[in-house]
Amino acid sequence: MAKYITKKGQEKLLAELRRLKNESVPRLSKEINEALAQGDLSENAEYHSAKDDL
(Lines give C-alpha, C1' and ligand atoms only; values in the text may rest on other atoms or scores of the structure.)
Protein backbone atom coordinates (compact mmCIF):
# COMPACT_ATOMS: atom_id res chain seq x y z
CA MET A 1 0.00 0.00 0.00
CA ALA A 2 1.40 3.37 -1.01
CA LYS A 3 2.01 6.09 1.55
CA TYR A 4 1.63 9.63 0.26
CA ILE A 5 3.39 12.70 1.58
CA THR A 6 2.89 16.37 0.89
CA LYS A 7 5.69 18.63 -0.34
CA LYS A 8 5.64 20.38 3.06
CA GLY A 9 5.87 17.02 4.83
CA GLN A 10 8.79 16.00 2.63
CA GLU A 11 10.61 19.27 3.36
CA LYS A 12 10.06 18.77 7.09
CA LEU A 13 11.47 15.24 6.96
CA LEU A 14 14.46 16.34 4.89
CA ALA A 15 15.19 19.17 7.33
CA GLU A 16 15.09 16.69 10.23
CA LEU A 17 17.42 14.35 8.35
CA ARG A 18 19.88 17.19 7.69
CA ARG A 19 19.78 18.19 11.36
CA LEU A 20 20.47 14.62 12.46
CA LYS A 21 23.31 14.15 9.98
CA ASN A 22 24.95 17.52 10.57
CA GLU A 23 24.37 18.12 14.29
CA SER A 24 23.15 15.17 16.34
CA VAL A 25 25.28 12.33 14.98
CA PRO A 26 28.60 14.24 15.09
CA ARG A 27 27.87 15.53 18.62
CA LEU A 28 26.88 12.10 19.91
CA SER A 29 29.85 10.45 18.22
CA LYS A 30 32.15 12.90 19.98
CA GLU A 31 30.46 12.24 23.33
CA ILE A 32 30.78 8.47 22.85
CA ASN A 33 34.46 8.75 21.92
CA GLU A 34 35.14 10.92 24.97
CA ALA A 35 33.36 8.40 27.19
CA LEU A 36 35.30 5.52 25.60
CA ALA A 37 38.53 7.33 26.43
CA GLN A 38 37.59 7.22 30.12
CA GLY A 39 37.96 3.44 30.13
CA ASP A 40 35.48 1.15 31.91
CA LEU A 41 32.06 1.55 30.29
CA SER A 42 30.05 -0.55 32.74
CA GLU A 43 29.47 2.43 35.04
CA ASN A 44 30.00 5.27 32.57
CA ALA A 45 26.76 7.27 32.54
CA GLU A 46 27.96 9.64 29.79
CA TYR A 47 28.61 6.71 27.46
CA HIS A 48 25.25 5.07 28.10
CA SER A 49 23.38 8.36 27.72
CA ALA A 50 25.06 9.21 24.41
CA LYS A 51 24.60 5.65 23.14
CA ASP A 52 20.88 5.75 23.99
CA ASP A 53 20.48 9.10 22.23
CA LEU A 54 22.20 7.80 19.12
# chains A, B, ... in the order shown; residues from 1 in each chain; ligands from 1
>>> residues_around(residues="Tyr47 in chain A", least_positions_apart="2", cutoff="12 Å", atoms="only C-alpha atoms", output="PyMOL selection string")
chain A and resi 28-45+49-54
>>> write_last_selection(atoms="N, CA and C atoms", output="short mmCIF file (atom, residue, chain, number, x, y, z; two decimals), in the first residue's frame")
data_model
loop_
_atom_site.label_atom_id
_atom_site.label_comp_id
_atom_site.auth_asym_id
_atom_site.auth_seq_id
_atom_site.Cartn_x
_atom_site.Cartn_y
_atom_site.Cartn_z
N LEU A 28 26.96 13.33 19.13
CA LEU A 28 26.88 12.10 19.91
C LEU A 28 28.11 11.22 19.69
N SER A 29 28.63 11.21 18.48
CA SER A 29 29.85 10.45 18.22
C SER A 29 31.00 10.98 19.06
N LYS A 30 31.10 12.29 19.16
CA LYS A 30 32.15 12.90 19.98
C LYS A 30 31.97 12.53 21.44
N GLU A 31 30.72 12.59 21.94
CA GLU A 31 30.46 12.24 23.33
C GLU A 31 30.81 10.78 23.61
N ILE A 32 30.47 9.89 22.67
CA ILE A 32 30.78 8.47 22.85
C ILE A 32 32.29 8.26 22.86
N ASN A 33 33.00 8.90 21.94
CA ASN A 33 34.46 8.75 21.92
C ASN A 33 35.11 9.27 23.19
N GLU A 34 34.60 10.38 23.71
CA GLU A 34 35.14 10.92 24.97
C GLU A 34 34.87 9.95 26.12
N ALA A 35 33.69 9.36 26.13
CA ALA A 35 33.36 8.40 27.19
C ALA A 35 34.22 7.14 27.05
N LEU A 36 34.45 6.70 25.82
CA LEU A 36 35.30 5.52 25.60
C LEU A 36 36.72 5.77 26.11
N ALA A 37 37.18 7.00 25.98
CA ALA A 37 38.53 7.33 26.43
C ALA A 37 38.67 7.24 27.94
N GLN A 38 37.55 7.29 28.65
CA GLN A 38 37.59 7.22 30.12
C GLN A 38 37.78 5.79 30.62
N GLY A 39 37.70 4.81 29.72
CA GLY A 39 37.96 3.44 30.13
C GLY A 39 36.70 2.63 30.36
N ASP A 40 36.56 2.07 31.56
CA ASP A 40 35.48 1.15 31.91
C ASP A 40 34.11 1.74 31.58
N LEU A 41 33.36 1.05 30.72
CA LEU A 41 32.06 1.55 30.29
C LEU A 41 30.90 1.03 31.14
N SER A 42 31.15 0.06 31.99
CA SER A 42 30.05 -0.55 32.74
C SER A 42 29.35 0.45 33.66
N GLU A 43 30.08 1.43 34.16
CA GLU A 43 29.47 2.43 35.04
C GLU A 43 29.67 3.85 34.51
N ASN A 44 29.75 3.98 33.20
CA ASN A 44 30.00 5.27 32.57
C ASN A 44 28.67 5.84 32.07
N ALA A 45 28.08 6.71 32.85
CA ALA A 45 26.76 7.27 32.54
C ALA A 45 26.78 8.09 31.25
N SER A 49 24.31 7.31 28.13
CA SER A 49 23.38 8.36 27.72
C SER A 49 23.56 8.70 26.25
N ALA A 50 24.79 8.89 25.82
CA ALA A 50 25.06 9.21 24.41
C ALA A 50 24.67 8.05 23.51
N LYS A 51 24.94 6.84 23.93
CA LYS A 51 24.60 5.65 23.14
C LYS A 51 23.09 5.53 22.99
N ASP A 52 22.35 5.80 24.05
CA ASP A 52 20.88 5.75 23.99
C ASP A 52 20.33 6.82 23.06
N ASP A 53 20.94 8.01 23.08
CA ASP A 53 20.48 9.10 22.23
C ASP A 53 20.77 8.84 20.76
N LEU A 54 21.83 8.09 20.49
CA LEU A 54 22.20 7.80 19.12
C LEU A 54 21.23 6.81 18.54
#
>>> select_by_dssp(residues="chain A", states="alpha helix (DSSP H)", output="JSON, numbers by chain")
{"A": [7, 8, 9, 10, 11, 12, 13, 14, 15, 16, 17, 18, 19, 25, 26, 27, 28, 29, 30, 31, 32, 33, 34, 35, 36, 37, 45, 46, 47, 48, 49, 50, 51, 52, 53]}
